[in-house]
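So this one's protein27.tsv, TSV, N, CA and C atoms:
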```tsv
chain	number	residue	atom	x	y	z
A	27	MET	N	-39.28	4.67	7.08
A	27	MET	CA	-38.03	4.51	6.38
A	27	MET	C	-38.17	3.45	5.29
A	28	PHE	N	-38.69	2.27	5.65
A	28	PHE	CA	-38.80	1.19	4.68
A	28	PHE	C	-39.87	1.48	3.64
A	29	LYS	N	-40.93	2.20	4.03
A	29	LYS	CA	-41.97	2.56	3.07
A	29	LYS	C	-41.37	3.47	1.99
A	30	ALA	N	-40.55	4.40	2.40
A	30	ALA	CA	-39.91	5.31	1.44
A	30	ALA	C	-39.00	4.54	0.49
A	31	LEU	N	-38.27	3.56	1.01
A	31	LEU	CA	-37.36	2.78	0.17
A	31	LEU	C	-38.09	1.69	-0.62
A	32	GLY	N	-39.37	1.48	-0.33
A	32	GLY	CA	-40.14	0.47	-1.04
A	32	GLY	C	-40.47	0.85	-2.48
A	33	ASP	N	-40.39	2.13	-2.79
A	33	ASP	CA	-40.63	2.58	-4.15
A	33	ASP	C	-39.36	2.38	-4.97
A	34	PRO	N	-39.44	1.74	-6.14
A	34	PRO	CA	-38.23	1.47	-6.93
A	34	PRO	C	-37.44	2.73	-7.33
A	35	THR	N	-38.14	3.81	-7.64
A	35	THR	CA	-37.44	5.04	-8.02
A	35	THR	C	-36.70	5.62	-6.83
A	36	ARG	N	-37.34	5.64	-5.67
A	36	ARG	CA	-36.68	6.18	-4.47
A	36	ARG	C	-35.50	5.31	-4.07
A	37	LEU	N	-35.63	4.00	-4.23
A	37	LEU	CA	-34.52	3.12	-3.92
A	37	LEU	C	-33.34	3.40	-4.86
A	38	ARG	N	-33.62	3.64	-6.15
A	38	ARG	CA	-32.55	3.98	-7.09
A	38	ARG	C	-31.88	5.30	-6.72
A	39	ILE	N	-32.68	6.28	-6.31
A	39	ILE	CA	-32.13	7.57	-5.88
A	39	ILE	C	-31.24	7.37	-4.66
A	40	PHE	N	-31.73	6.61	-3.68
A	40	PHE	CA	-30.98	6.36	-2.45
A	40	PHE	C	-29.66	5.66	-2.77
A	41	GLU	N	-29.70	4.66	-3.65
A	41	GLU	CA	-28.48	3.93	-4.03
A	41	GLU	C	-27.52	4.85	-4.77
A	42	CYS	N	-28.04	5.72	-5.61
A	42	CYS	CA	-27.20	6.68	-6.33
A	42	CYS	C	-26.49	7.61	-5.33
A	43	LEU	N	-27.23	8.10	-4.36
A	43	LEU	CA	-26.65	9.00	-3.35
A	43	LEU	C	-25.64	8.25	-2.48
A	44	ARG	N	-25.95	7.01	-2.13
A	44	ARG	CA	-25.03	6.22	-1.32
A	44	ARG	C	-23.72	5.99	-2.05
A	45	ALA	N	-23.79	5.77	-3.34
A	45	ALA	CA	-22.59	5.52	-4.15
A	45	ALA	C	-21.75	6.78	-4.33
A	46	CYS	N	-22.33	7.95	-4.12
A	46	CYS	CA	-21.61	9.21	-4.32
A	46	CYS	C	-20.78	9.64	-3.12
A	47	CYS	N	-20.83	8.93	-2.03
A	47	CYS	CA	-20.08	9.32	-0.83
A	47	CYS	C	-18.59	9.33	-1.12
A	48	GLY	N	-17.88	10.26	-0.52
A	48	GLY	CA	-16.43	10.30	-0.64
A	48	GLY	C	-15.89	11.20	-1.73
A	49	LYS	N	-16.76	11.87	-2.48
A	49	LYS	CA	-16.28	12.78	-3.51
A	49	LYS	C	-15.71	14.04	-2.88
A	50	VAL	N	-14.93	14.78	-3.65
A	50	VAL	CA	-14.43	16.07	-3.18
A	50	VAL	C	-14.95	17.16	-4.10
A	51	ALA	N	-14.99	18.36	-3.58
A	51	ALA	CA	-15.45	19.51	-4.35
A	51	ALA	C	-14.43	20.63	-4.27
A	52	LEU	N	-14.45	21.48	-5.25
A	52	LEU	CA	-13.59	22.65	-5.28
A	52	LEU	C	-14.39	23.83	-4.76
A	53	GLY	N	-13.90	24.46	-3.71
A	53	GLY	CA	-14.60	25.59	-3.11
A	53	GLY	C	-14.49	26.86	-3.92
A	54	ASP	N	-15.20	27.89	-3.49
A	54	ASP	CA	-15.22	29.17	-4.20
A	54	ASP	C	-13.83	29.81	-4.32
A	55	GLU	N	-12.98	29.54	-3.35
A	55	GLU	CA	-11.65	30.16	-3.36
A	55	GLU	C	-10.56	29.17	-3.74
A	56	GLY	N	-10.94	28.07	-4.39
A	56	GLY	CA	-9.96	27.11	-4.87
A	56	GLY	C	-9.58	26.02	-3.89
A	57	GLU	N	-10.16	26.02	-2.70
A	57	GLU	CA	-9.83	24.99	-1.71
A	57	GLU	C	-10.58	23.70	-2.04
A	58	VAL	N	-9.95	22.58	-1.73
A	58	VAL	CA	-10.57	21.27	-1.92
A	58	VAL	C	-11.21	20.87	-0.60
A	59	ARG	N	-12.44	20.46	-0.67
A	59	ARG	CA	-13.17	20.04	0.52
A	59	ARG	C	-14.01	18.83	0.18
A	60	PRO	N	-14.39	18.03	1.19
A	60	PRO	CA	-15.27	16.90	0.91
A	60	PRO	C	-16.62	17.40	0.40
A	61	ALA	N	-17.13	16.76	-0.60
A	61	ALA	CA	-18.46	17.10	-1.10
A	61	ALA	C	-19.49	16.33	-0.30
A	62	ASP	N	-20.55	17.01	0.07
A	62	ASP	CA	-21.59	16.35	0.84
A	62	ASP	C	-22.46	15.46	-0.04
A	63	GLY	N	-22.43	15.67	-1.32
A	63	GLY	CA	-23.23	14.86	-2.22
A	63	GLY	C	-23.45	15.58	-3.53
A	64	PRO	N	-24.13	14.93	-4.45
A	64	PRO	CA	-24.40	15.54	-5.74
A	64	PRO	C	-25.54	16.54	-5.65
A	65	SER	N	-25.65	17.38	-6.65
A	65	SER	CA	-26.77	18.30	-6.70
A	65	SER	C	-28.02	17.54	-7.12
A	66	VAL	N	-29.17	18.15	-6.91
A	66	VAL	CA	-30.43	17.53	-7.31
A	66	VAL	C	-30.42	17.26	-8.81
A	67	GLY	N	-29.87	18.18	-9.58
A	67	GLY	CA	-29.79	18.00	-11.03
A	67	GLY	C	-28.94	16.81	-11.41
A	68	GLU	N	-27.82	16.60	-10.70
A	68	GLU	CA	-26.96	15.45	-10.98
A	68	GLU	C	-27.67	14.14	-10.66
A	69	VAL	N	-28.42	14.12	-9.57
A	69	VAL	CA	-29.18	12.92	-9.20
A	69	VAL	C	-30.23	12.64	-10.27
A	70	CYS	N	-30.91	13.68	-10.69
A	70	CYS	CA	-31.94	13.55	-11.72
A	70	CYS	C	-31.34	12.96	-13.00
A	71	CYS	N	-30.20	13.46	-13.39
A	71	CYS	CA	-29.53	13.00	-14.60
A	71	CYS	C	-29.11	11.53	-14.46
A	72	GLN	N	-28.58	11.15	-13.31
A	72	GLN	CA	-28.14	9.78	-13.08
A	72	GLN	C	-29.31	8.79	-13.08
A	73	VAL	N	-30.41	9.17	-12.46
A	73	VAL	CA	-31.52	8.24	-12.29
A	73	VAL	C	-32.42	8.18	-13.52
A	74	THR	N	-32.71	9.33	-14.11
A	74	THR	CA	-33.67	9.35	-15.22
A	74	THR	C	-33.01	9.54	-16.58
A	75	GLY	N	-31.78	10.04	-16.61
A	75	GLY	CA	-31.14	10.33	-17.88
A	75	GLY	C	-31.55	11.68	-18.44
A	76	VAL	N	-32.39	12.40	-17.71
A	76	VAL	CA	-32.87	13.72	-18.13
A	76	VAL	C	-32.10	14.78	-17.37
A	77	GLU	N	-31.65	15.81	-18.06
A	77	GLU	CA	-30.82	16.82	-17.40
A	77	GLU	C	-31.61	17.81	-16.56
A	78	LYS	N	-32.91	17.94	-16.81
A	78	LYS	CA	-33.68	18.89	-16.00
A	78	LYS	C	-34.39	18.16	-14.87
A	79	ILE	N	-34.64	18.89	-13.80
A	79	ILE	CA	-35.29	18.33	-12.62
A	79	ILE	C	-36.79	18.24	-12.90
A	80	THR	N	-37.34	17.05	-12.75
A	80	THR	CA	-38.76	16.86	-12.98
A	80	THR	C	-39.52	16.96	-11.66
A	81	SER	N	-40.82	17.19	-11.76
A	81	SER	CA	-41.64	17.26	-10.55
A	81	SER	C	-41.66	15.90	-9.86
A	82	THR	N	-41.59	14.82	-10.62
A	82	THR	CA	-41.57	13.49	-10.03
A	82	THR	C	-40.31	13.29	-9.19
A	83	MET	N	-39.16	13.72	-9.71
A	83	MET	CA	-37.91	13.60	-8.95
A	83	MET	C	-37.97	14.45	-7.69
A	84	SER	N	-38.51	15.64	-7.80
A	84	SER	CA	-38.65	16.50	-6.63
A	84	SER	C	-39.50	15.82	-5.57
A	85	PHE	N	-40.59	15.19	-6.00
A	85	PHE	CA	-41.47	14.49	-5.07
A	85	PHE	C	-40.73	13.36	-4.37
A	86	HIS	N	-39.99	12.54	-5.14
A	86	HIS	CA	-39.27	11.41	-4.56
A	86	HIS	C	-38.18	11.89	-3.58
A	87	LEU	N	-37.47	12.94	-3.93
A	87	LEU	CA	-36.45	13.48	-3.03
A	87	LEU	C	-37.09	14.00	-1.75
A	88	LYS	N	-38.25	14.64	-1.87
A	88	LYS	CA	-38.96	15.14	-0.69
A	88	LYS	C	-39.38	13.97	0.21
A	89	GLU	N	-39.86	12.89	-0.39
A	89	GLU	CA	-40.27	11.72	0.39
A	89	GLU	C	-39.07	11.11	1.14
A	90	LEU	N	-37.92	11.03	0.47
A	90	LEU	CA	-36.72	10.50	1.13
A	90	LEU	C	-36.27	11.41	2.26
A	91	ARG	N	-36.36	12.73	2.05
A	91	ARG	CA	-35.97	13.69	3.09
A	91	ARG	C	-36.94	13.63	4.26
A	92	THR	N	-38.22	13.55	3.98
A	92	THR	CA	-39.24	13.48	5.03
A	92	THR	C	-39.09	12.19	5.86
A	93	ALA	N	-38.69	11.11	5.21
A	93	ALA	CA	-38.49	9.84	5.91
A	93	ALA	C	-37.20	9.84	6.73
A	94	GLY	N	-36.40	10.90	6.60
A	94	GLY	CA	-35.16	11.00	7.37
A	94	GLY	C	-33.99	10.25	6.78
A	95	LEU	N	-34.10	9.86	5.50
A	95	LEU	CA	-33.05	9.08	4.86
A	95	LEU	C	-31.94	9.94	4.25
A	96	ILE	N	-32.31	11.12	3.77
A	96	ILE	CA	-31.33	12.00	3.13
A	96	ILE	C	-31.41	13.40	3.72
A	97	LYS	N	-30.35	14.16	3.47
A	97	LYS	CA	-30.37	15.57	3.85
A	97	LYS	C	-30.16	16.38	2.57
A	98	MET	N	-30.70	17.58	2.56
A	98	MET	CA	-30.54	18.47	1.42
A	98	MET	C	-30.12	19.84	1.96
A	99	GLU	N	-29.19	20.45	1.26
A	99	GLU	CA	-28.65	21.74	1.70
A	99	GLU	C	-28.41	22.63	0.49
A	100	ARG	N	-28.82	23.86	0.60
A	100	ARG	CA	-28.59	24.81	-0.49
A	100	ARG	C	-27.15	25.26	-0.47
A	101	ARG	N	-26.49	25.18	-1.62
A	101	ARG	CA	-25.12	25.69	-1.81
A	101	ARG	C	-25.15	26.60	-3.03
A	102	GLY	N	-25.22	27.89	-2.79
A	102	GLY	CA	-25.34	28.82	-3.91
A	102	GLY	C	-26.66	28.59	-4.61
A	103	LYS	N	-26.60	28.30	-5.90
A	103	LYS	CA	-27.83	28.07	-6.64
A	103	LYS	C	-28.19	26.58	-6.73
A	104	HIS	N	-27.42	25.72	-6.09
A	104	HIS	CA	-27.65	24.28	-6.15
A	104	HIS	C	-28.15	23.74	-4.82
A	105	MET	N	-28.97	22.70	-4.91
A	105	MET	CA	-29.37	21.94	-3.74
A	105	MET	C	-28.51	20.68	-3.74
A	106	ILE	N	-27.78	20.46	-2.64
A	106	ILE	CA	-26.89	19.31	-2.52
A	106	ILE	C	-27.61	18.23	-1.70
A	107	CYS	N	-27.57	17.00	-2.19
A	107	CYS	CA	-28.23	15.87	-1.54
A	107	CYS	C	-27.18	14.91	-1.01
A	108	ALA	N	-27.48	14.28	0.11
A	108	ALA	CA	-26.59	13.26	0.66
A	108	ALA	C	-27.38	12.34	1.56
A	109	VAL	N	-26.95	11.09	1.60
A	109	VAL	CA	-27.52	10.13	2.54
A	109	VAL	C	-27.00	10.48	3.92
A	110	LYS	N	-27.86	10.44	4.91
A	110	LYS	CA	-27.42	10.68	6.28
A	110	LYS	C	-26.59	9.48	6.73
A	111	PRO	N	-25.36	9.70	7.19
A	111	PRO	CA	-24.49	8.57	7.59
A	111	PRO	C	-25.11	7.70	8.68
A	112	GLU	N	-25.83	8.30	9.60
A	112	GLU	CA	-26.43	7.53	10.68
A	112	GLU	C	-27.50	6.57	10.15
A	113	VAL	N	-28.12	6.92	9.03
A	113	VAL	CA	-29.13	6.04	8.42
A	113	VAL	C	-28.47	4.77	7.92
A	114	LEU	N	-27.31	4.90	7.28
A	114	LEU	CA	-26.59	3.71	6.80
A	114	LEU	C	-26.22	2.80	7.96
A	115	ASN	N	-25.80	3.42	9.08
A	115	ASN	CA	-25.47	2.62	10.27
A	115	ASN	C	-26.70	1.92	10.83
A	116	GLU	N	-27.84	2.62	10.86
A	116	GLU	CA	-29.07	2.02	11.36
A	116	GLU	C	-29.53	0.86	10.49
A	117	LEU	N	-29.47	1.04	9.16
A	117	LEU	CA	-29.87	-0.03	8.26
A	117	LEU	C	-28.93	-1.23	8.37
A	118	ALA	N	-27.63	-0.96	8.47
A	118	ALA	CA	-26.66	-2.05	8.63
A	118	ALA	C	-26.91	-2.80	9.93
A	119	ALA	N	-27.19	-2.08	11.00
A	119	ALA	CA	-27.46	-2.72	12.28
A	119	ALA	C	-28.74	-3.54	12.22
A	120	TYR	N	-29.76	-3.00	11.56
A	120	TYR	CA	-31.04	-3.72	11.47
A	120	TYR	C	-30.88	-5.01	10.69
A	121	PHE	N	-30.26	-4.95	9.54
A	121	PHE	CA	-30.13	-6.13	8.70
A	121	PHE	C	-29.04	-7.08	9.17
A	122	GLY	N	-28.11	-6.58	9.97
A	122	GLY	CA	-27.03	-7.44	10.45
A	122	GLY	C	-27.32	-8.10	11.77
A	123	ASP	N	-28.35	-7.67	12.49
A	123	ASP	CA	-28.65	-8.16	13.83
A	123	ASP	C	-29.94	-8.98	13.80
A	124	PRO	N	-29.87	-10.31	13.99
A	124	PRO	CA	-31.08	-11.14	13.96
A	124	PRO	C	-32.11	-10.77	15.02
A	125	GLU	N	-31.67	-10.12	16.09
A	125	GLU	CA	-32.61	-9.69	17.13
A	125	GLU	C	-33.60	-8.66	16.60
A	126	ASN	N	-33.20	-7.89	15.62
A	126	ASN	CA	-34.07	-6.86	15.04
A	126	ASN	C	-35.09	-7.44	14.08
A	127	HIS	N	-35.01	-8.70	13.75
A	127	HIS	CA	-35.93	-9.29	12.79
A	127	HIS	C	-37.16	-9.90	13.46
A	128	GLY	N	-37.32	-9.72	14.73
A	128	GLY	CA	-38.50	-10.24	15.41
A	128	GLY	C	-38.27	-11.58	16.09
A	129	GLY	N	-37.03	-11.94	16.26
A	129	GLY	CA	-36.74	-13.16	17.02
A	129	GLY	C	-37.02	-14.44	16.25
A	130	ASP	N	-37.74	-15.37	16.91
A	130	ASP	CA	-37.96	-16.71	16.35
A	130	ASP	C	-39.31	-16.82	15.65
A	131	CYS	N	-39.67	-15.88	14.86
A	131	CYS	CA	-40.99	-15.91	14.24
A	131	CYS	C	-41.10	-16.96	13.14
A	132	CYS	N	-40.00	-17.38	12.55
A	132	CYS	CA	-40.06	-18.34	11.43
A	132	CYS	C	-39.35	-19.63	11.75
```

What does the file become when written as structure tokens?
Amino acid sequence: MFKALGDPTRLRIFECLRACCGKVALGDEGEVRPADGPSVGEVCCQVTGVEKITSTMSFHLKELRTAGLIKMERRGKHMICAVKPEVLNELAAYFGDPENHGGDCC
């Protein structure tokens, strides 16, 4: 998990996805529903400023998904990305609990 977030680009992607929580989306039949996250293209645009998905962005998203930090789901022709909520809880617990830092090492 920390190795994946150690890369500056992946950390920016993760922060972008974390900031996107709470959005709503309009469904196919006009219903409003919570959005699980932005599309891969939207993430690419936010992080790199480029509107097309690059192979580098695909690689970084794959690394975040493999590390268990994000989830990706196909919605029609789009891939939707989102931070796994349990990951945010785990990170908050790790950084908020001194017991998780190795005790009295320093």

Hey, can you check how far atom CA of A:Glu89 sits from atom CA of A:Arg38?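 Separating atom CA of A:Glu89 from atom CA of A:Arg38 is a distance of 13.2 Å.
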
Long-range neighbours of A:Phe28 as a PyMOL selection string, 12 Å cut-off, only C-alpha atoms, 4 positions minimum in chain: chain A and resi 32-34+36-37+40+89-90+93-95+113+116-117+120

Q. What is the distance between atom N of A:Met27 and atom CA of A:Glu68, in Å to one decimal?
A.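 Interatomic distance here is 24.4 Å.
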
Taken to one decimal, the atom CA of A:Ser84-atom CA of A:Phe121 distance is 28.6 Å

Open item on the list: Which residue is closest to A:Cys42? Choose from A:Asn115, A:Lys29, A:Thr92, A:Val73 and count only C-alpha atoms.
Closed with: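 Ranked by minimum distance to A:Cys42, first place goes to A:Val73.
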
From the list A:Ile96, A:Val66, A:Met83, A:Ile39, the nearest residue to A:Pro111 using only C-alpha atoms is A:Ile96

Exercise for review: Among the residues of stretch 88-119 of chain A, find those DSSP assigns to strand (DSSP E or B) from the backbone and print them as number ranges by chain.
Suggested key: A: 96-101, 104-109

Could you add all heavy atoms to stretch 85-96 of chain A and give me the result as a compact mmCIF listing (two decimals), in the coordinates of the input?
```txt
# COMPACT_ATOMS: atom_id res chain seq x y z
N PHE A 85 -40.59 15.19 -6.00
CA PHE A 85 -41.47 14.49 -5.07
C PHE A 85 -40.73 13.36 -4.37
O PHE A 85 -40.80 13.20 -3.15
CB PHE A 85 -42.70 13.94 -5.81
CG PHE A 85 -43.51 12.99 -4.98
CD1 PHE A 85 -44.36 13.48 -3.99
CD2 PHE A 85 -43.42 11.62 -5.16
CE1 PHE A 85 -45.11 12.62 -3.20
CE2 PHE A 85 -44.16 10.74 -4.38
CZ PHE A 85 -45.01 11.24 -3.40
N HIS A 86 -39.99 12.54 -5.14
CA HIS A 86 -39.27 11.41 -4.56
C HIS A 86 -38.18 11.89 -3.58
O HIS A 86 -38.00 11.29 -2.52
CB HIS A 86 -38.66 10.53 -5.64
CG HIS A 86 -39.68 9.73 -6.39
ND1 HIS A 86 -40.59 8.89 -5.77
CD2 HIS A 86 -39.94 9.63 -7.71
CE1 HIS A 86 -41.36 8.32 -6.68
NE2 HIS A 86 -40.97 8.75 -7.87
N LEU A 87 -37.47 12.94 -3.93
CA LEU A 87 -36.45 13.48 -3.03
C LEU A 87 -37.09 14.00 -1.75
O LEU A 87 -36.56 13.81 -0.66
CB LEU A 87 -35.65 14.58 -3.73
CG LEU A 87 -34.69 14.08 -4.80
CD1 LEU A 87 -34.20 15.24 -5.66
CD2 LEU A 87 -33.52 13.34 -4.18
N LYS A 88 -38.25 14.64 -1.87
CA LYS A 88 -38.96 15.14 -0.69
C LYS A 88 -39.38 13.97 0.21
O LYS A 88 -39.25 14.04 1.43
CB LYS A 88 -40.18 15.94 -1.11
CG LYS A 88 -41.01 16.44 0.05
CD LYS A 88 -42.25 17.16 -0.44
CE LYS A 88 -43.28 17.20 0.62
NZ LYS A 88 -44.36 16.26 0.47
N GLU A 89 -39.86 12.89 -0.39
CA GLU A 89 -40.27 11.72 0.39
C GLU A 89 -39.07 11.11 1.14
O GLU A 89 -39.19 10.73 2.30
CB GLU A 89 -40.91 10.67 -0.51
CG GLU A 89 -42.26 11.08 -1.05
CD GLU A 89 -43.32 11.17 0.05
OE1 GLU A 89 -43.46 10.22 0.83
OE2 GLU A 89 -43.99 12.21 0.12
N LEU A 90 -37.92 11.03 0.47
CA LEU A 90 -36.72 10.50 1.13
C LEU A 90 -36.27 11.41 2.26
O LEU A 90 -35.86 10.95 3.33
CB LEU A 90 -35.60 10.32 0.11
CG LEU A 90 -35.79 9.19 -0.89
CD1 LEU A 90 -34.75 9.28 -2.01
CD2 LEU A 90 -35.72 7.84 -0.20
N ARG A 91 -36.36 12.73 2.05
CA ARG A 91 -35.97 13.69 3.09
C ARG A 91 -36.94 13.63 4.26
O ARG A 91 -36.52 13.60 5.42
CB ARG A 91 -35.92 15.11 2.51
CG ARG A 91 -35.39 16.15 3.47
CD ARG A 91 -35.29 17.53 2.85
NE ARG A 91 -36.45 17.95 2.11
CZ ARG A 91 -37.56 18.45 2.65
NH1 ARG A 91 -37.65 18.59 3.95
NH2 ARG A 91 -38.57 18.82 1.89
N THR A 92 -38.22 13.55 3.98
CA THR A 92 -39.24 13.48 5.03
C THR A 92 -39.09 12.19 5.86
O THR A 92 -39.31 12.21 7.06
CB THR A 92 -40.65 13.55 4.41
OG1 THR A 92 -40.77 14.76 3.66
CG2 THR A 92 -41.73 13.52 5.47
N ALA A 93 -38.69 11.11 5.21
CA ALA A 93 -38.49 9.84 5.91
C ALA A 93 -37.20 9.84 6.73
O ALA A 93 -36.92 8.90 7.46
CB ALA A 93 -38.46 8.68 4.91
N GLY A 94 -36.40 10.90 6.60
CA GLY A 94 -35.16 11.00 7.37
C GLY A 94 -33.99 10.25 6.78
O GLY A 94 -32.98 10.02 7.44
N LEU A 95 -34.10 9.86 5.50
CA LEU A 95 -33.05 9.08 4.86
C LEU A 95 -31.94 9.94 4.25
O LEU A 95 -30.80 9.52 4.18
CB LEU A 95 -33.65 8.19 3.78
CG LEU A 95 -34.57 7.10 4.30
CD1 LEU A 95 -35.41 6.51 3.19
CD2 LEU A 95 -33.76 6.02 4.98
N ILE A 96 -32.31 11.12 3.77
CA ILE A 96 -31.33 12.00 3.13
C ILE A 96 -31.41 13.40 3.72
O ILE A 96 -32.39 13.74 4.39
CB ILE A 96 -31.51 12.07 1.60
CG1 ILE A 96 -32.83 12.76 1.22
CG2 ILE A 96 -31.41 10.69 0.97
CD1 ILE A 96 -32.96 13.07 -0.27
```
